[in-house]
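Engineer: Quick one: the structure is below, and I'll ask about it shortly.
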Amino acid sequence: QVRLVESGGGVVQARDSLRLSCAASGRIFGTYAMGWFRQAPGKEREFVATISRIGGITYYTDSVKGRFTISRDNAKNTVYLQMNSLKPEDTAVYYCAAASTSSAFYTPTNYGDYDYWGQGTQVTVSS
């Protein structure tokens with residue numbers, strides 16, 4: 001079992017920045033690829049970013065490329081999402097997720113690929 005706890009959400013203005021953190025406990029953090037998803041009111045949960053278990057490979061959805069950066073610190077069992085130049089359309093509940101893997105290259109983008117989920121943290125961007 002892996003327990004994931006997100007933090008760092010809040011209310012900001014457009015063009016501001018936020019850094020989300022996701023702390024993991026349980027099994028060895030470095031055996032999981034990690035991802036961030038988000039869900040806006042009335043919409044389905046969507047993929048935002050993913051990072052391989054060692055951290056060498058990342059992948060982003062097009063709408064956040066160049067603005068968001070995913071990173072991880074395996075010594076601290078934590079994954080981060082640095083969000084810059086925020087837009088009102090980034091408003092959502094942000095979830096981190098963990099996908100068990102033995103591959104150093106695995107960067108899943110589908111909801112069903114992930115084994116564990118956090119409870120989410122709200123990000124609200126006002127115009």
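Letters A, B, ... mark the chains of the structure tokens in the order given; residue numbers begin at 1 per chain; ligand numbers begin at 1, in order shown.
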Which residues are close to Ala98 of chain A, i.e. within 7 Å by only C-alpha atoms, leaving aside same-chain residues fewer than 3 positions away? Reply as a compact mmCIF listing (two decimals) with N, CA and C atoms, in the first residue's frame.
Structural biologist:
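Wrote result36.txt, looks like this:
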```txt
# COMPACT_ATOMS: atom_id res chain seq x y z
N TYR A 32 7.84 3.43 -8.10
CA TYR A 32 6.61 3.94 -8.69
C TYR A 32 6.90 5.08 -9.66
N ALA A 33 6.31 4.99 -10.83
CA ALA A 33 6.17 6.18 -11.67
C ALA A 33 5.09 7.03 -11.03
N MET A 34 5.23 8.35 -11.12
CA MET A 34 4.29 9.25 -10.47
C MET A 34 3.63 10.16 -11.50
N GLY A 35 2.41 10.53 -11.20
CA GLY A 35 1.70 11.42 -12.12
C GLY A 35 0.84 12.43 -11.38
N TYR A 114 -2.73 3.83 -13.10
CA TYR A 114 -2.24 4.17 -11.77
C TYR A 114 -2.90 3.31 -10.69
N ASP A 115 -2.11 2.98 -9.68
CA ASP A 115 -2.56 2.07 -8.63
C ASP A 115 -3.05 2.78 -7.38
N TYR A 116 -2.49 3.94 -7.10
CA TYR A 116 -2.83 4.65 -5.86
C TYR A 116 -3.04 6.13 -6.17
N TRP A 117 -3.94 6.73 -5.39
CA TRP A 117 -4.32 8.12 -5.60
C TRP A 117 -4.36 8.86 -4.27
```
Engineer: Which residues are near Thr91 of chain A? Cut-off 8 Å, only C-alpha atoms, ignore same chain within fewer than 6 positions. Put them as a PDB file with C-alpha atoms, in the first residue's frame.
Structural biologist:
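The resulting file, selection-v4.pdb, is shown below:
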```
ATOM      1  CA  ALA A  40     -12.419  20.682 -12.964  1.00  0.00           C
ATOM      2  CA  GLN A 122      -7.763  22.557  -4.818  1.00  0.00           C
ATOM      3  CA  VAL A 123      -6.158  25.101  -7.126  1.00  0.00           C
ATOM      4  CA  THR A 124      -8.210  28.165  -8.012  1.00  0.00           C
ATOM      5  CA  VAL A 125      -6.917  30.751 -10.462  1.00  0.00           C
TER       6      VAL A 125
END
```
Engineer: List the neighbours of Ile70 of chain A out to 12 Å using only C-alpha atoms; skip same-chain residues closer than 4 positions along the sequence, and give me the result as a tab-separated table (two decimals) with N, CA, C and O atoms, in the first residue's frame.
Structural biologist:
```
chain	number	residue	atom	x	y	z
A	19	ARG	N	3.45	25.75	-6.24
A	19	ARG	CA	4.13	24.46	-6.26
A	19	ARG	C	3.34	23.47	-5.42
A	19	ARG	O	3.16	23.68	-4.22
A	20	LEU	N	2.88	22.43	-6.07
A	20	LEU	CA	2.20	21.35	-5.37
A	20	LEU	C	3.21	20.29	-4.95
A	20	LEU	O	4.18	20.03	-5.66
A	21	SER	N	2.95	19.70	-3.81
A	21	SER	CA	3.78	18.60	-3.32
A	21	SER	C	2.89	17.39	-3.06
A	21	SER	O	1.71	17.54	-2.72
A	22	CYS	N	3.48	16.23	-3.20
A	22	CYS	CA	2.77	14.99	-2.91
A	22	CYS	C	3.73	14.10	-2.13
A	22	CYS	O	4.73	13.63	-2.68
A	33	ALA	N	6.31	4.99	-10.83
A	33	ALA	CA	6.17	6.18	-11.67
A	33	ALA	C	5.09	7.03	-11.03
A	33	ALA	O	4.14	6.51	-10.46
A	34	MET	N	5.23	8.35	-11.12
A	34	MET	CA	4.29	9.25	-10.47
A	34	MET	C	3.63	10.16	-11.50
A	34	MET	O	4.24	10.53	-12.50
A	35	GLY	N	2.41	10.53	-11.20
A	35	GLY	CA	1.70	11.42	-12.12
A	35	GLY	C	0.84	12.43	-11.38
A	35	GLY	O	0.54	12.26	-10.21
A	36	TRP	N	0.51	13.48	-12.09
A	36	TRP	CA	-0.45	14.47	-11.63
A	36	TRP	C	-1.63	14.51	-12.60
A	36	TRP	O	-1.43	14.53	-13.83
A	37	PHE	N	-2.81	14.51	-12.06
A	37	PHE	CA	-4.05	14.66	-12.82
A	37	PHE	C	-4.82	15.82	-12.21
A	37	PHE	O	-4.52	16.27	-11.11
A	48	VAL	N	-2.17	15.42	-16.42
A	48	VAL	CA	-1.40	16.66	-16.47
A	48	VAL	C	0.07	16.38	-16.75
A	48	VAL	O	0.63	16.93	-17.70
A	49	ALA	N	0.69	15.53	-15.94
A	49	ALA	CA	2.12	15.28	-16.09
A	49	ALA	C	2.48	13.96	-15.44
A	49	ALA	O	1.79	13.50	-14.54
A	50	THR	N	3.59	13.38	-15.90
A	50	THR	CA	4.08	12.15	-15.32
A	50	THR	C	5.60	12.15	-15.30
A	50	THR	O	6.24	12.83	-16.12
A	51	ILE	N	6.18	11.39	-14.38
A	51	ILE	CA	7.62	11.29	-14.27
A	51	ILE	C	7.99	9.84	-13.97
A	51	ILE	O	7.32	9.18	-13.18
A	52	SER	N	9.05	9.37	-14.63
A	52	SER	CA	9.48	7.99	-14.44
A	52	SER	C	10.00	7.77	-13.02
A	52	SER	O	10.28	8.73	-12.29
A	55	GLY	N	13.20	9.37	-12.41
A	55	GLY	CA	13.07	10.81	-12.64
A	55	GLY	C	13.66	11.30	-13.94
A	55	GLY	O	13.65	12.49	-14.21
A	56	GLY	N	14.17	10.38	-14.77
A	56	GLY	CA	14.83	10.83	-15.97
A	56	GLY	C	13.92	11.18	-17.12
A	56	GLY	O	14.33	11.83	-18.08
A	57	ILE	N	12.67	10.76	-17.06
A	57	ILE	CA	11.74	10.97	-18.17
A	57	ILE	C	10.48	11.64	-17.64
A	57	ILE	O	9.93	11.22	-16.63
A	58	THR	N	10.05	12.67	-18.34
A	58	THR	CA	8.81	13.36	-17.99
A	58	THR	C	7.97	13.53	-19.24
A	58	THR	O	8.48	13.50	-20.36
A	59	TYR	N	6.67	13.72	-19.01
A	59	TYR	CA	5.74	13.92	-20.12
A	59	TYR	C	4.60	14.78	-19.63
A	59	TYR	O	4.15	14.62	-18.49
A	60	TYR	N	4.13	15.68	-20.51
A	60	TYR	CA	3.09	16.64	-20.12
A	60	TYR	C	1.97	16.67	-21.14
A	60	TYR	O	2.19	16.45	-22.34
A	61	THR	N	0.80	17.01	-20.67
A	61	THR	CA	-0.26	17.30	-21.60
A	61	THR	C	0.05	18.64	-22.28
A	61	THR	O	0.74	19.50	-21.71
A	64	VAL	N	-0.17	22.35	-20.72
A	64	VAL	CA	0.70	22.82	-19.63
A	64	VAL	C	2.17	22.83	-20.00
A	64	VAL	O	3.01	23.29	-19.21
A	65	LYS	N	2.50	22.36	-21.19
A	65	LYS	CA	3.90	22.33	-21.61
A	65	LYS	C	4.49	23.73	-21.60
A	65	LYS	O	3.88	24.68	-22.08
A	66	GLY	N	5.68	23.86	-21.04
A	66	GLY	CA	6.33	25.15	-20.94
A	66	GLY	C	5.93	25.95	-19.73
A	66	GLY	O	6.57	26.97	-19.42
A	78	THR	N	8.84	12.30	-2.27
A	78	THR	CA	7.96	13.40	-2.65
A	78	THR	C	8.06	13.69	-4.14
A	78	THR	O	9.16	13.67	-4.71
A	79	VAL	N	6.91	13.98	-4.73
A	79	VAL	CA	6.84	14.45	-6.11
A	79	VAL	C	6.25	15.85	-6.09
A	79	VAL	O	5.40	16.17	-5.25
A	80	TYR	N	6.72	16.68	-7.01
A	80	TYR	CA	6.30	18.09	-7.05
A	80	TYR	C	5.70	18.43	-8.41
A	80	TYR	O	6.00	17.80	-9.41
A	81	LEU	N	4.88	19.46	-8.40
A	81	LEU	CA	4.40	20.04	-9.64
A	81	LEU	C	4.54	21.55	-9.51
A	81	LEU	O	3.77	22.19	-8.79
A	82	GLN	N	5.53	22.09	-10.18
A	82	GLN	CA	5.72	23.53	-10.22
A	82	GLN	C	4.85	24.10	-11.34
A	82	GLN	O	5.00	23.71	-12.49
A	83	MET	N	3.97	25.01	-10.98
A	83	MET	CA	3.02	25.57	-11.95
A	83	MET	C	3.26	27.06	-12.07
A	83	MET	O	3.08	27.81	-11.10
A	84	ASN	N	3.68	27.47	-13.23
A	84	ASN	CA	3.95	28.89	-13.50
A	84	ASN	C	2.95	29.42	-14.52
A	84	ASN	O	2.31	28.65	-15.23
A	96	CYS	N	-2.35	13.59	-7.14
A	96	CYS	CA	-1.17	12.83	-7.52
A	96	CYS	C	-1.51	11.35	-7.48
A	96	CYS	O	-2.45	10.92	-6.79
A	107	THR	N	6.14	5.94	-18.16
A	107	THR	CA	5.53	7.24	-17.88
A	107	THR	C	4.07	7.18	-18.30
A	107	THR	O	3.70	7.68	-19.38
```
Engineer: Residues of chain A in helix (DSSP H, G or I) according to DSSP, as a list of chain:residue names?
Structural biologist: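 The helix (DSSP H, G or I) residues within chain A come out as A:Phe29, A:Gly30, A:Thr31, A:Asp62, A:Ser63, A:Val64, A:Pro88, A:Glu89, A:Asp90, A:Tyr111, A:Gly112, A:Asp113.
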Engineer: Could you dump the residues just selected with N, CA, C and O atoms as a PDB file, in the first residue's frame?
Structural biologist:
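Output contents, as saved in result_30.pdb:
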```pdb
ATOM      1  N   PHE A  29       9.286   4.286  -2.565  1.00  0.00           N
ATOM      2  CA  PHE A  29       8.811   5.319  -3.483  1.00  0.00           C
ATOM      3  C   PHE A  29       9.438   5.176  -4.857  1.00  0.00           C
ATOM      4  O   PHE A  29       8.801   5.415  -5.876  1.00  0.00           O
ATOM      5  N   GLY A  30      10.687   4.766  -4.889  1.00  0.00           N
ATOM      6  CA  GLY A  30      11.397   4.696  -6.159  1.00  0.00           C
ATOM      7  C   GLY A  30      10.942   3.581  -7.076  1.00  0.00           C
ATOM      8  O   GLY A  30      11.444   3.467  -8.191  1.00  0.00           O
ATOM      9  N   THR A  31      10.002   2.763  -6.651  1.00  0.00           N
ATOM     10  CA  THR A  31       9.465   1.712  -7.512  1.00  0.00           C
ATOM     11  C   THR A  31       8.190   2.153  -8.219  1.00  0.00           C
ATOM     12  O   THR A  31       7.541   1.350  -8.881  1.00  0.00           O
ATOM     13  N   ASP A  62      -0.433  18.801 -23.495  1.00  0.00           N
ATOM     14  CA  ASP A  62      -0.045  19.959 -24.293  1.00  0.00           C
ATOM     15  C   ASP A  62      -0.379  21.296 -23.626  1.00  0.00           C
ATOM     16  O   ASP A  62       0.373  22.268 -23.743  1.00  0.00           O
ATOM     17  N   SER A  63      -1.491  21.345 -22.917  1.00  0.00           N
ATOM     18  CA  SER A  63      -1.948  22.628 -22.372  1.00  0.00           C
ATOM     19  C   SER A  63      -1.047  23.178 -21.254  1.00  0.00           C
ATOM     20  O   SER A  63      -1.161  24.357 -20.911  1.00  0.00           O
ATOM     21  N   VAL A  64      -0.173  22.350 -20.719  1.00  0.00           N
ATOM     22  CA  VAL A  64       0.695  22.822 -19.628  1.00  0.00           C
ATOM     23  C   VAL A  64       2.173  22.829 -20.003  1.00  0.00           C
ATOM     24  O   VAL A  64       3.009  23.285 -19.211  1.00  0.00           O
ATOM     25  N   PRO A  88      -6.838  30.881 -15.592  1.00  0.00           N
ATOM     26  CA  PRO A  88      -8.115  30.474 -14.970  1.00  0.00           C
ATOM     27  C   PRO A  88      -8.521  29.049 -15.350  1.00  0.00           C
ATOM     28  O   PRO A  88      -9.123  28.338 -14.530  1.00  0.00           O
ATOM     29  N   GLU A  89      -8.197  28.625 -16.546  1.00  0.00           N
ATOM     30  CA  GLU A  89      -8.574  27.271 -16.976  1.00  0.00           C
ATOM     31  C   GLU A  89      -7.757  26.179 -16.291  1.00  0.00           C
ATOM     32  O   GLU A  89      -8.035  24.991 -16.476  1.00  0.00           O
ATOM     33  N   ASP A  90      -6.764  26.553 -15.511  1.00  0.00           N
ATOM     34  CA  ASP A  90      -6.037  25.581 -14.700  1.00  0.00           C
ATOM     35  C   ASP A  90      -6.765  25.275 -13.388  1.00  0.00           C
ATOM     36  O   ASP A  90      -6.343  24.389 -12.634  1.00  0.00           O
ATOM     37  N   TYR A 111      -5.572   7.214 -16.714  1.00  0.00           N
ATOM     38  CA  TYR A 111      -6.095   7.076 -15.359  1.00  0.00           C
ATOM     39  C   TYR A 111      -5.967   5.643 -14.861  1.00  0.00           C
ATOM     40  O   TYR A 111      -5.529   5.386 -13.743  1.00  0.00           O
ATOM     41  N   GLY A 112      -6.309   4.692 -15.700  1.00  0.00           N
ATOM     42  CA  GLY A 112      -6.330   3.287 -15.299  1.00  0.00           C
ATOM     43  C   GLY A 112      -4.965   2.662 -15.096  1.00  0.00           C
ATOM     44  O   GLY A 112      -4.871   1.546 -14.572  1.00  0.00           O
ATOM     45  N   ASP A 113      -3.920   3.370 -15.467  1.00  0.00           N
ATOM     46  CA  ASP A 113      -2.565   2.842 -15.312  1.00  0.00           C
ATOM     47  C   ASP A 113      -2.031   3.009 -13.896  1.00  0.00           C
ATOM     48  O   ASP A 113      -0.996   2.463 -13.553  1.00  0.00           O
TER      49      ASP A 113
END
```
Engineer: Excluding Gln1 of chain A and its own-chain neighbours fewer than 4 positions away, which residues fall within 9 Å of it when counting only C-alpha atoms? Please give them as a list in words.
Structural biologist: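 In the requested form, the answer reads Ser25, Gly26, Arg27 and Tyr116 of chain A.
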Engineer: With C-alpha atoms retained, could you export that selection as a short mmCIF file (atom, residue, chain, number, x, y, z; two decimals), in the first residue's frame?
Structural biologist:
```
data_model
loop_
_atom_site.label_atom_id
_atom_site.label_comp_id
_atom_site.auth_asym_id
_atom_site.auth_seq_id
_atom_site.Cartn_x
_atom_site.Cartn_y
_atom_site.Cartn_z
CA SER A 25 4.44 6.71 2.54
CA GLY A 26 4.41 2.96 2.45
CA ARG A 27 6.31 0.93 -0.09
CA TYR A 116 -2.83 4.65 -5.86
#
```
Engineer: Just the strand (DSSP E or B) stuff from segment 1-126 of chain A, please, per backbone DSSP, written as a VMD selection string.
Structural biologist: chain A and resid 2 to 7 10 to 13 18 to 26 32 to 39 46 to 51 58 to 60 68 to 73 78 to 83 92 to 100 116 to 117 121 to 126
Engineer: Enter the distance from atom CA of Ile28 of chain A to atom CA of Gly10 of chain A, in Å, rounded to one decimal.
Structural biologist: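 These two atoms are separated by 29.3 Å.
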Engineer: Could you check which of A:Arg67, A:Arg53, A:Arg38, A:Lys43 is closest to Ser100 of chain A, using only C-alpha atoms?
Structural biologist: A:Arg53
Engineer: Identify which of the residues A:Arg45, A:Lys76, A:Arg15, A:Arg3 lies closest to Ser127 of chain A, counting only C-alpha atoms when measuring atom-to-atom distances.
Structural biologist: A:Arg15
